[in-house]
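**Student:** Structure: target-v4.cif, mmCIF, C-alpha atoms and all ligand atoms.
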data_protein
loop_
_atom_site.label_atom_id
_atom_site.label_comp_id
_atom_site.auth_asym_id
_atom_site.auth_seq_id
_atom_site.Cartn_x
_atom_site.Cartn_y
_atom_site.Cartn_z
CA MET K 1 1.83 -1.12 -20.45
CA ALA K 2 3.91 1.84 -19.46
CA ARG K 3 6.60 3.11 -17.15
CA ILE K 4 5.13 6.00 -15.16
CA THR K 5 7.32 8.99 -14.31
CA LEU K 6 6.13 11.37 -11.61
CA ASP K 7 8.37 14.36 -12.22
CA HIS K 8 8.45 16.73 -9.22
CA ILE K 9 4.69 16.67 -8.77
CA ARG K 10 3.02 18.93 -6.21
CA HIS K 11 -0.63 19.65 -5.82
CA ALA K 12 -2.65 22.22 -3.87
CA TYR K 13 -6.45 22.37 -4.13
CA GLY K 14 -6.65 25.98 -2.97
CA PRO K 15 -5.28 29.05 -4.79
CA ASN K 16 -1.95 30.66 -3.83
CA PRO K 17 -0.37 27.90 -1.70
CA THR K 18 2.42 29.29 0.43
CA SER K 19 3.59 26.60 2.88
CA ASP K 20 3.84 22.79 2.78
CA LYS K 21 0.56 22.61 4.70
CA ASP K 22 -1.32 24.09 1.73
CA TYR K 23 -0.32 21.13 -0.44
CA ALA K 24 -2.35 17.91 -0.56
CA LEU K 25 0.73 16.46 -2.32
CA ARG K 26 4.04 17.97 -1.27
CA GLU K 27 6.60 16.62 -3.71
CA VAL K 28 6.45 13.33 -5.51
CA ASP K 29 9.41 12.52 -7.70
CA HIS K 30 9.59 8.86 -8.69
CA GLU K 31 9.69 6.49 -11.55
CA TRP K 32 7.46 3.43 -11.50
CA ASN K 33 8.48 0.44 -13.58
CA ASP K 34 6.63 -0.83 -16.58
CA GLY K 35 4.69 -3.88 -15.43
CA GLY K 36 5.06 -3.11 -11.71
CA ALA K 37 2.24 -3.67 -9.22
CA TYR K 38 2.20 -0.71 -6.86
CA ALA K 39 -0.08 -0.20 -3.90
CA LEU K 40 -0.57 3.33 -2.56
CA LEU K 41 -1.04 2.84 1.16
CA GLY K 42 -1.67 5.42 3.85
CA PRO K 43 -4.24 6.82 6.26
CA SER K 44 -7.25 8.84 5.21
CA GLY K 45 -6.31 12.26 3.82
CA CYS K 46 -2.64 11.48 3.06
CA GLY K 47 -3.06 12.18 -0.67
CA LYS K 48 -3.56 8.74 -2.25
CA THR K 49 -6.60 9.65 -4.32
CA THR K 50 -5.04 12.97 -5.31
CA LEU K 51 -2.02 11.14 -6.71
CA LEU K 52 -4.16 8.53 -8.46
CA ASN K 53 -6.32 11.25 -10.04
CA ILE K 54 -3.20 13.01 -11.29
CA ILE K 55 -2.06 9.77 -12.92
CA SER K 56 -5.47 9.20 -14.50
CA GLY K 57 -5.83 12.80 -15.68
CA LEU K 58 -8.89 13.65 -13.59
CA LEU K 59 -6.70 16.26 -11.92
CA GLN K 60 -3.95 18.53 -13.25
CA PRO K 61 -1.06 18.90 -10.79
CA SER K 62 -0.23 22.45 -9.66
CA HIS K 63 3.45 21.73 -10.41
CA GLY K 64 5.45 19.05 -12.18
CA ARG K 65 4.87 16.64 -15.04
CA ILE K 66 3.63 13.11 -15.51
CA LEU K 67 5.06 10.90 -18.24
CA PHE K 68 4.03 7.52 -19.63
CA ASP K 69 7.02 5.79 -21.23
CA GLY K 70 8.80 9.13 -21.42
CA LYS K 71 5.90 10.90 -23.14
CA ASP K 72 4.54 13.94 -21.32
CA VAL K 73 0.81 13.35 -20.68
CA THR K 74 0.36 16.11 -18.05
CA ASN K 75 -2.07 18.04 -20.23
CA LEU K 76 -3.86 15.07 -21.76
CA PRO K 77 -7.41 14.29 -20.61
CA THR K 78 -8.22 10.88 -19.11
CA GLN K 79 -9.63 9.52 -22.39
CA ALA K 80 -6.37 10.23 -24.21
CA ARG K 81 -4.20 8.46 -21.62
CA ASN K 82 -5.32 4.94 -22.44
CA ILE K 83 -5.80 3.70 -18.92
CA ALA K 84 -8.40 1.50 -17.25
CA GLN K 85 -9.88 2.56 -13.92
CA VAL K 86 -11.75 0.66 -11.24
CA PHE K 87 -13.41 2.79 -8.61
CA GLN K 88 -14.62 2.12 -5.07
CA PHE K 89 -18.21 1.73 -6.25
CA PRO K 90 -19.34 -0.16 -9.35
CA VAL K 91 -19.52 1.74 -12.63
CA ILE K 92 -21.47 -0.49 -15.02
CA TYR K 93 -24.40 -0.39 -17.46
CA ASP K 94 -27.44 -1.80 -15.67
CA THR K 95 -29.43 -2.43 -18.85
CA MET K 96 -26.69 -4.49 -20.48
CA THR K 97 -25.99 -8.14 -19.74
CA VAL K 98 -22.98 -9.08 -17.64
CA TYR K 99 -21.30 -10.37 -20.83
CA ASP K 100 -21.95 -7.16 -22.78
CA ASN K 101 -20.68 -5.01 -19.93
CA LEU K 102 -17.36 -6.83 -20.17
CA ALA K 103 -17.32 -6.84 -23.96
CA PHE K 104 -18.10 -3.12 -24.20
CA PRO K 105 -14.54 -1.71 -23.75
CA LEU K 106 -13.25 -4.15 -26.40
CA ARG K 107 -16.05 -3.66 -28.96
CA ASN K 108 -15.65 0.08 -28.48
CA ARG K 109 -12.10 -0.26 -29.77
CA GLY K 110 -13.03 -2.46 -32.70
CA VAL K 111 -11.61 -5.72 -31.34
CA ALA K 112 -12.75 -8.66 -33.51
CA GLU K 113 -15.67 -10.63 -32.05
CA PRO K 114 -13.85 -14.00 -31.60
CA GLU K 115 -11.16 -12.20 -29.58
CA VAL K 116 -13.82 -10.34 -27.58
CA ASP K 117 -15.47 -13.66 -26.78
CA ARG K 118 -12.21 -15.27 -25.71
CA ARG K 119 -11.25 -12.45 -23.36
CA VAL K 120 -14.71 -11.97 -21.91
CA ARG K 121 -14.89 -15.68 -21.10
CA ASP K 122 -11.49 -15.56 -19.40
CA ILE K 123 -12.64 -12.68 -17.23
CA LEU K 124 -16.02 -14.31 -16.48
CA GLU K 125 -14.12 -17.35 -15.19
CA MET K 126 -11.87 -15.21 -13.07
CA ILE K 127 -14.64 -13.22 -11.43
CA ASP K 128 -16.77 -16.30 -11.11
CA LEU K 129 -19.77 -14.90 -13.00
CA MET K 130 -19.96 -17.31 -15.94
CA PRO K 131 -23.42 -18.60 -14.90
CA MET K 132 -24.73 -15.03 -14.95
CA ALA K 133 -23.21 -14.01 -18.29
CA ARG K 134 -26.56 -13.55 -20.02
CA ARG K 135 -28.32 -11.81 -17.16
CA LYS K 136 -28.90 -8.08 -17.10
CA ALA K 137 -26.61 -6.33 -14.61
CA GLN K 138 -29.64 -4.71 -13.05
CA GLY K 139 -30.65 -6.62 -9.94
CA LEU K 140 -27.23 -8.08 -9.21
CA THR K 141 -25.78 -7.55 -5.74
CA ALA K 142 -23.28 -4.70 -5.09
CA ASP K 143 -20.62 -7.36 -4.73
CA GLN K 144 -21.37 -8.90 -8.13
CA LYS K 145 -21.56 -5.50 -9.79
CA GLN K 146 -18.15 -4.58 -8.43
CA LYS K 147 -16.76 -7.81 -9.81
CA ILE K 148 -17.99 -6.69 -13.24
CA SER K 149 -16.26 -3.33 -12.70
CA LEU K 150 -13.05 -5.14 -11.88
CA GLY K 151 -13.48 -7.35 -14.93
CA ARG K 152 -13.96 -4.31 -17.16
CA GLY K 153 -10.70 -2.90 -15.82
CA LEU K 154 -8.86 -6.09 -16.69
CA VAL K 155 -10.42 -7.06 -19.99
CA ARG K 156 -8.26 -4.85 -22.24
CA ASN K 157 -4.60 -5.69 -22.66
CA ASP K 158 -3.56 -2.56 -24.55
CA VAL K 159 -3.77 -0.06 -21.67
CA ASN K 160 -0.85 1.94 -20.25
CA ALA K 161 -1.92 1.15 -16.70
CA ILE K 162 -4.83 -0.10 -14.62
CA LEU K 163 -5.73 2.12 -11.68
CA PHE K 164 -7.72 0.80 -8.75
CA ASP K 165 -9.19 3.08 -6.08
CA GLU K 166 -10.11 0.94 -3.04
CA PRO K 167 -11.95 -1.48 -5.34
CA LEU K 168 -12.70 -4.14 -2.74
CA THR K 169 -14.52 -1.96 -0.22
CA VAL K 170 -17.94 -3.36 -1.14
CA ILE K 171 -16.76 -6.97 -1.53
CA ASP K 172 -17.36 -9.47 1.27
CA PRO K 173 -14.23 -10.55 3.22
CA HIS K 174 -13.83 -14.04 1.75
CA MET K 175 -14.31 -12.84 -1.83
CA LYS K 176 -11.85 -10.02 -1.12
CA TRP K 177 -9.16 -12.55 -0.47
CA VAL K 178 -10.04 -14.54 -3.60
CA LEU K 179 -10.06 -11.48 -5.87
CA ARG K 180 -6.83 -10.11 -4.44
CA SER K 181 -5.07 -13.40 -5.13
CA GLN K 182 -6.52 -13.51 -8.63
CA LEU K 183 -5.37 -9.97 -9.34
CA LYS K 184 -1.90 -10.93 -8.26
CA ARG K 185 -1.95 -14.00 -10.48
CA LEU K 186 -3.17 -11.99 -13.47
CA HIS K 187 -0.48 -9.45 -12.86
CA LYS K 188 2.17 -12.18 -12.94
CA GLN K 189 0.65 -13.63 -16.09
CA PHE K 190 0.13 -10.45 -18.13
CA GLY K 191 2.53 -7.94 -16.56
CA PHE K 192 0.04 -5.08 -16.31
CA THR K 193 1.29 -1.85 -14.71
CA MET K 194 -1.09 -1.60 -11.77
CA VAL K 195 -1.59 1.14 -9.22
CA TYR K 196 -3.85 0.18 -6.36
CA VAL K 197 -5.03 2.61 -3.66
CA THR K 198 -5.89 1.24 -0.26
CA HIS K 199 -5.67 2.09 3.42
CA ASP K 200 -5.62 -1.61 4.33
CA GLN K 201 -2.10 -2.92 4.89
CA THR K 202 -3.05 -6.57 4.33
CA GLU K 203 -4.53 -5.66 0.98
CA ALA K 204 -1.43 -3.67 -0.01
CA LEU K 205 1.07 -6.26 1.19
CA THR K 206 -0.63 -9.20 -0.52
CA PHE K 207 -1.33 -7.43 -3.79
CA ALA K 208 1.73 -5.36 -4.55
CA ASP K 209 5.36 -6.07 -5.29
CA LYS K 210 6.12 -2.47 -4.29
CA VAL K 211 4.16 -0.69 -1.58
CA VAL K 212 4.18 3.11 -1.73
CA VAL K 213 3.55 4.40 1.79
CA MET K 214 2.14 7.92 1.96
CA TYR K 215 1.91 10.22 4.95
CA GLU K 216 0.78 13.83 5.04
CA GLY K 217 1.10 14.41 1.30
CA GLU K 218 4.47 12.72 0.92
CA ILE K 219 5.75 9.33 -0.15
CA VAL K 220 7.72 8.20 2.89
CA GLN K 221 8.85 4.85 1.50
CA ILE K 222 8.54 2.66 -1.57
CA GLY K 223 9.52 -0.87 -0.73
CA THR K 224 8.78 -4.55 -0.83
CA PRO K 225 6.70 -5.83 2.09
CA SER K 226 9.85 -7.17 3.77
CA GLU K 227 11.73 -3.88 3.36
CA LEU K 228 8.83 -2.06 4.99
CA PHE K 229 8.84 -4.54 7.81
CA GLU K 230 12.58 -4.81 8.42
CA ARG K 231 13.83 -1.34 7.51
CA PRO K 232 11.07 1.26 7.81
CA SER K 233 12.48 4.52 6.36
CA HIS K 234 10.29 6.67 8.59
CA THR K 235 8.85 6.09 12.04
CA PHE K 236 5.37 6.43 10.49
CA VAL K 237 6.03 3.33 8.33
CA GLY K 238 7.13 1.54 11.49
CA TYR K 239 3.83 2.35 13.25
CA PHE K 240 1.60 1.85 10.24
CA ILE K 241 2.93 -1.48 8.97
CA GLY K 242 2.72 -4.41 11.34
CA SER K 243 0.33 -5.21 14.10
CA PRO K 244 1.23 -4.01 16.67
CA GLY K 245 3.51 -1.48 14.99
CA MET K 246 7.16 -0.86 15.71
CA ASN K 247 8.21 0.32 19.19
CA VAL K 248 9.82 3.75 18.87
CA LEU K 249 11.76 4.91 21.92
CA PRO K 250 13.59 8.19 22.53
CA ALA K 251 17.32 7.42 22.50
CA LYS K 252 20.63 9.18 22.91
CA LEU K 253 23.39 8.11 20.53
CA ASP K 254 27.08 7.77 21.15
CA GLY K 255 29.07 5.89 18.53
CA ASN K 256 27.66 2.39 18.35
CA ARG K 257 25.69 2.78 21.57
CA ALA K 258 22.16 3.97 22.15
CA THR K 259 20.84 4.94 25.57
CA VAL K 260 17.14 4.63 26.36
CA GLY K 261 16.37 6.02 29.82
CA GLY K 262 18.98 4.42 32.07
CA GLU K 263 19.76 1.46 29.78
CA THR K 264 22.55 1.44 27.22
CA LEU K 265 22.31 -0.88 24.23
CA SER K 266 25.07 -1.94 21.86
CA LEU K 267 24.29 -1.42 18.20
CA ASP K 268 25.85 -3.35 15.34
CA TYR K 269 26.78 -0.09 13.59
CA ALA K 270 27.48 3.54 14.49
CA PRO K 271 24.60 5.68 13.19
CA LYS K 272 25.50 9.27 12.34
CA ALA K 273 22.73 11.72 13.12
CA ALA K 274 22.96 15.48 12.64
CA ALA K 275 23.71 17.39 15.86
CA GLY K 276 20.54 18.46 17.65
CA ALA K 277 18.29 15.99 15.77
CA LYS K 278 15.54 14.17 17.69
CA THR K 279 16.93 10.62 17.86
CA GLU K 280 14.90 7.46 18.39
CA LEU K 281 15.41 3.71 18.45
CA GLY K 282 12.93 1.51 16.61
CA ILE K 283 12.45 -2.19 17.33
CA ARG K 284 9.59 -4.35 16.13
CA PRO K 285 7.70 -6.34 18.79
CA GLU K 286 8.72 -9.57 17.03
CA PHE K 287 12.43 -8.89 17.69
CA ILE K 288 12.31 -8.41 21.45
CA ARG K 289 13.14 -11.53 23.42
CA ILE K 290 11.57 -11.92 26.86
CA GLY K 291 13.10 -14.05 29.62
CA ARG K 292 15.21 -13.89 32.76
CA GLU K 293 18.17 -12.14 31.16
CA GLY K 294 18.60 -8.59 29.92
CA MET K 295 16.95 -5.29 30.79
CA PRO K 296 14.10 -5.16 33.30
CA VAL K 297 10.52 -4.44 32.16
CA THR K 298 7.19 -4.21 33.94
CA ILE K 299 4.49 -6.26 32.29
CA THR K 300 1.12 -4.54 32.18
CA ARG K 301 -1.01 -6.92 30.10
CA VAL K 302 -0.84 -10.09 28.01
CA GLU K 303 -3.19 -10.46 25.03
CA ASP K 304 -3.80 -13.86 23.50
CA ILE K 305 -4.15 -13.63 19.73
CA GLY K 306 -4.19 -17.31 18.77
CA ARG K 307 -0.77 -18.75 18.00
CA GLN K 308 0.92 -15.69 19.48
CA LYS K 309 0.67 -13.46 22.50
CA ILE K 310 1.18 -9.72 22.64
CA VAL K 311 2.88 -8.69 25.86
CA ARG K 312 2.35 -5.04 26.82
CA ALA K 313 5.05 -3.75 29.11
CA THR K 314 6.78 -0.64 30.36
CA PHE K 315 10.45 -0.26 29.56
CA GLU K 316 12.33 2.72 30.99
CA GLY K 317 9.01 4.52 31.43
CA GLN K 318 7.93 3.88 27.81
CA PRO K 319 5.11 1.53 26.76
CA ILE K 320 6.35 -1.29 24.52
CA ALA K 321 4.77 -4.29 22.83
CA ILE K 322 6.46 -7.68 22.52
CA VAL K 323 5.20 -10.56 20.38
CA VAL K 324 5.90 -14.08 21.64
CA THR K 325 4.66 -17.53 20.67
CA GLU K 326 1.63 -18.86 22.58
CA ASP K 327 3.70 -21.37 24.55
CA SER K 328 6.34 -18.85 25.71
CA GLU K 329 6.88 -18.63 29.40
CA ILE K 330 6.72 -15.11 30.80
CA PRO K 331 8.64 -14.89 34.08
CA ALA K 332 7.27 -12.76 36.91
CA GLU K 333 10.49 -10.71 37.01
CA ALA K 334 10.69 -10.39 33.25
CA ARG K 335 13.67 -9.03 31.36
CA VAL K 336 14.12 -8.27 27.69
CA THR K 337 16.84 -8.25 25.04
CA PHE K 338 16.63 -6.50 21.68
CA ASP K 339 18.05 -8.22 18.59
CA PRO K 340 20.79 -5.73 17.49
CA ALA K 341 20.34 -6.64 13.80
CA ALA K 342 16.67 -5.62 14.02
CA ILE K 343 17.25 -2.21 15.58
CA ASN K 344 16.67 0.87 13.41
CA ILE K 345 17.81 4.34 14.44
CA TYR K 346 15.86 7.47 13.47
CA ALA K 347 16.85 11.13 13.39
CA ASN K 348 13.93 13.57 13.12
CA SER K 349 11.73 10.56 12.24
CA TRP K 350 13.86 9.44 9.26
CA ARG K 351 15.97 6.30 9.41
CA VAL K 352 19.71 6.74 9.70
CA GLY K 353 21.10 4.08 7.38
CA ARG K 354 23.68 1.47 8.21
CA GLU K 355 25.31 2.57 5.00
CA GLY K 356 26.55 5.64 6.90
P1 LIG T 401 -9.01 8.81 1.70
O1 LIG T 401 -8.37 7.50 2.05
O2 LIG T 401 -9.86 9.35 2.80
O3 LIG T 401 -9.67 8.82 0.36
P2 LIG T 401 -6.67 10.04 0.55
O4 LIG T 401 -5.38 9.55 1.09
O5 LIG T 401 -7.10 9.51 -0.76
O6 LIG T 401 -7.80 9.89 1.64
P3 LIG T 401 -6.99 12.63 -0.66
O7 LIG T 401 -8.44 12.38 -0.94
O8 LIG T 401 -6.05 12.61 -1.79
O9 LIG T 401 -6.49 11.63 0.47
O10 LIG T 401 -6.90 14.02 0.13
C1 LIG T 401 -5.65 14.64 0.46
C2 LIG T 401 -5.94 16.00 1.07
O11 LIG T 401 -6.55 16.86 0.10
C3 LIG T 401 -6.91 15.95 2.25
O12 LIG T 401 -6.51 16.91 3.18
C4 LIG T 401 -8.25 16.34 1.63
O13 LIG T 401 -9.06 16.99 2.57
C5 LIG T 401 -7.81 17.32 0.54
N1 LIG T 401 -8.74 17.30 -0.62
C6 LIG T 401 -9.07 16.21 -1.35
N2 LIG T 401 -9.91 16.55 -2.36
C7 LIG T 401 -10.10 17.90 -2.26
C8 LIG T 401 -10.88 18.84 -3.01
N3 LIG T 401 -11.58 18.48 -4.06
N4 LIG T 401 -10.83 20.13 -2.59
C9 LIG T 401 -10.10 20.52 -1.53
N5 LIG T 401 -9.36 19.67 -0.78
C10 LIG T 401 -9.36 18.37 -1.13
#
Could you express the structure from this file as structure tokens?

**Tutor:**
Amino acid sequence: MARITLDHIRHAYGPNPTSDKDYALREVDHEWNDGGAYALLGPSGCGKTTLLNIISGLLQPSHGRILFDGKDVTNLPTQARNIAQVFQFPVIYDTMTVYDNLAFPLRNRGVAEPEVDRRVRDILEMIDLMPMARRKAQGLTADQKQKISLGRGLVRNDVNAILFDEPLTVIDPHMKWVLRSQLKRLHKQFGFTMVYVTHDQTEALTFADKVVVMYEGEIVQIGTPSELFERPSHTFVGYFIGSPGMNVLPAKLDGNRATVGGETLSLDYAPKAAAGAKTELGIRPEFIRIGREGMPVTITRVEDIGRQKIVRATFEGQPIAIVVTEDSEIPAEARVTFDPAAINIYANSWRVGREG
């Protein structure tokens, strides 16, 4: 397995890019740890597949280099990079048996037959296809075929990295959950370097130890699920992670005070934003307390979502969401307080750190 260095990578599909808008990837400059499980998460068109294809060698970046364990592989074709890939749709040999499909990548590399058998059986157990081992892949369901694809990605243990491009799209919801948990377990057990593309936050947050959030061709944050939740680096991460997303309100700053409309809130630090920057206050719906004390709000709707309720309200002319437990009382003349420790301040959409 390898450490992956993305050294000042930019990519434009068209010729002669001039502005940032011409780049599908603007500038990616990161190092990903050997044995890390990374999920690339972001909306359609943000550049996830472009980045994955640059890592796999299907695409040459317009600028920058990619290194595996310090070795420059930018100009190496996919076959020479020693990676396994699992795509959105199954890539398998229909005329081979399920067993032989899984054995193929190992036999191809001259692995001894007893070892092939041991690993194929392990994978068959994991993907729950042992009873079908001797059947031809032809005629299996899309779901079963994709499980074979996944298995083929996992069967070798000598690869630099395993790359997954939305591999669970064709899998039914229950099986999705099972496979995701198994992938996580396998990762813990074998320490594969995994890169997993998805636009589904649940998938990213359950699978990865580091989630790489992309937006408009940029990586806006790499963090653990709790970092993304508690300290979103960019307002986009705040909106995109969480359901409902973070409330982002226009705010004026003055020392350790923030003013939203006519209300002034005390902060537990004094954020320093550049003069003239657009400043905003971010607070997740889970950290707003509703009761008879605090700042007035007008409640517009209450949605019951099982053990919790989402309260939609207007605060200083801005729509906000508040999450409360199902048994919470919501007074007619409701007021709210924001937990100061959970407030994030943004300048031009980027978080202004507590660090100063
Ligand atoms: P999705 O989740 O829809 O697959 P994505 O995050 O993987 O999206 P990319 O497929 O990497 O995004 O696309 C990033 C940008 O590059 C988009 O604006 C897309 O239209 C553009 N793009 C992707 N492939 C090509 C191509 N072959 N030629 C020209 N433009 C492309």

**Student:** Could you please determine the separation between CA of Phe207 (chain K) and CA of Leu6 (chain K) in Å, to one decimal place?

**Tutor:**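 Taking CA of Phe207 (chain K) and CA of Leu6 (chain K), their separation equals 21.7 Å.
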
**Student:** List all protein, DNA and RNA residues that have an atom no more than 6 Å from any atom of ligand LIG 401 (chain T), counting only C-alpha atoms and all ligand atoms, and report them as a list in words.

**Tutor:**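 Checked against 6 Å with only C-alpha atoms and all ligand atoms; the hits are Tyr13, Ala24, Pro43, Ser44, Gly45, Cys46, Gly47, Lys48, Thr49 and Thr50 of chain K.
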
**Student:** At what distance in Å, to one decimal, does CA of Arg10 (chain K) lie from CA of Lys71 (chain K)?

**Tutor:**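 One can read the CA of Lys71 (chain K) to CA of Arg10 (chain K) distance as 19.0 Å.
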
**Student:** When distances are computed from all atoms listed in the file, which of K:Val297, K:Leu106, K:Ile330, K:Ile9 shows the smallest separation from Arg65 (chain K)?

**Tutor:**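 That would be K:Ile9, the residue with the smallest distance to Arg65 (chain K).
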
**Student:** Box time for region 119-124 of chain K: axis-aligned, enclosing all its listed atoms, 5 Å extra on each side; report centre and edge lengths in Å to one decimal, as AutoDock Vina command-line options.

**Tutor:**
--center_x -13.6 --center_y -13.8 --center_z -19.9 --size_x 14.8 --size_y 13.7 --size_z 16.9

**Student:** If I only have part of region 36-48 of chain K, can you fill in N, CA, C and O atoms and write it as an mmCIF file, keeping the file's coordinate frame?

**Tutor:**
data_model
loop_
_atom_site.group_PDB
_atom_site.id
_atom_site.type_symbol
_atom_site.label_atom_id
_atom_site.label_comp_id
_atom_site.auth_asym_id
_atom_site.auth_seq_id
_atom_site.Cartn_x
_atom_site.Cartn_y
_atom_site.Cartn_z
ATOM 1 N N GLY K 36 5.015 -2.986 -13.175
ATOM 2 C CA GLY K 36 5.060 -3.110 -11.710
ATOM 3 C C GLY K 36 3.652 -3.106 -11.113
ATOM 4 O O GLY K 36 2.714 -2.567 -11.695
ATOM 5 N N ALA K 37 3.516 -3.742 -9.959
ATOM 6 C CA ALA K 37 2.240 -3.670 -9.220
ATOM 7 C C ALA K 37 2.503 -2.845 -7.976
ATOM 8 O O ALA K 37 3.230 -3.279 -7.074
ATOM 9 N N TYR K 38 1.958 -1.644 -7.957
ATOM 10 C CA TYR K 38 2.200 -0.710 -6.860
ATOM 11 C C TYR K 38 0.940 -0.510 -6.052
ATOM 12 O O TYR K 38 -0.137 -0.319 -6.619
ATOM 13 N N ALA K 39 1.072 -0.541 -4.745
ATOM 14 C CA ALA K 39 -0.080 -0.200 -3.900
ATOM 15 C C ALA K 39 0.229 1.135 -3.234
ATOM 16 O O ALA K 39 1.326 1.327 -2.700
ATOM 17 N N LEU K 40 -0.714 2.068 -3.295
ATOM 18 C CA LEU K 40 -0.570 3.330 -2.560
ATOM 19 C C LEU K 40 -1.276 3.125 -1.229
ATOM 20 O O LEU K 40 -2.493 2.936 -1.200
ATOM 21 N N LEU K 41 -0.499 3.163 -0.164
ATOM 22 C CA LEU K 41 -1.040 2.840 1.160
ATOM 23 C C LEU K 41 -0.821 4.009 2.103
ATOM 24 O O LEU K 41 0.257 4.603 2.129
ATOM 25 N N GLY K 42 -1.843 4.344 2.866
ATOM 26 C CA GLY K 42 -1.670 5.420 3.850
ATOM 27 C C GLY K 42 -3.008 5.749 4.478
ATOM 28 O O GLY K 42 -4.054 5.320 3.986
ATOM 29 N N PRO K 43 -2.992 6.510 5.563
ATOM 30 C CA PRO K 43 -4.240 6.820 6.260
ATOM 31 C C PRO K 43 -5.098 7.797 5.465
ATOM 32 O O PRO K 43 -4.623 8.412 4.507
ATOM 33 N N SER K 44 -6.322 7.945 5.884
ATOM 34 C CA SER K 44 -7.250 8.840 5.210
ATOM 35 C C SER K 44 -6.674 10.257 5.149
ATOM 36 O O SER K 44 -6.124 10.752 6.132
ATOM 37 N N GLY K 45 -6.750 10.869 3.968
ATOM 38 C CA GLY K 45 -6.310 12.260 3.820
ATOM 39 C C GLY K 45 -4.840 12.440 3.502
ATOM 40 O O GLY K 45 -4.360 13.560 3.396
ATOM 41 N N CYS K 46 -4.083 11.334 3.291
ATOM 42 C CA CYS K 46 -2.640 11.480 3.060
ATOM 43 C C CYS K 46 -2.312 11.815 1.604
ATOM 44 O O CYS K 46 -1.162 12.102 1.283
ATOM 45 N N GLY K 47 -3.303 11.765 0.718
ATOM 46 C CA GLY K 47 -3.060 12.180 -0.670
ATOM 47 C C GLY K 47 -3.083 11.065 -1.703
ATOM 48 O O GLY K 47 -2.724 11.290 -2.860
ATOM 49 N N LYS K 48 -3.565 9.880 -1.332
ATOM 50 C CA LYS K 48 -3.560 8.740 -2.250
ATOM 51 C C LYS K 48 -4.428 9.014 -3.483
ATOM 52 O O LYS K 48 -4.000 8.842 -4.613
#
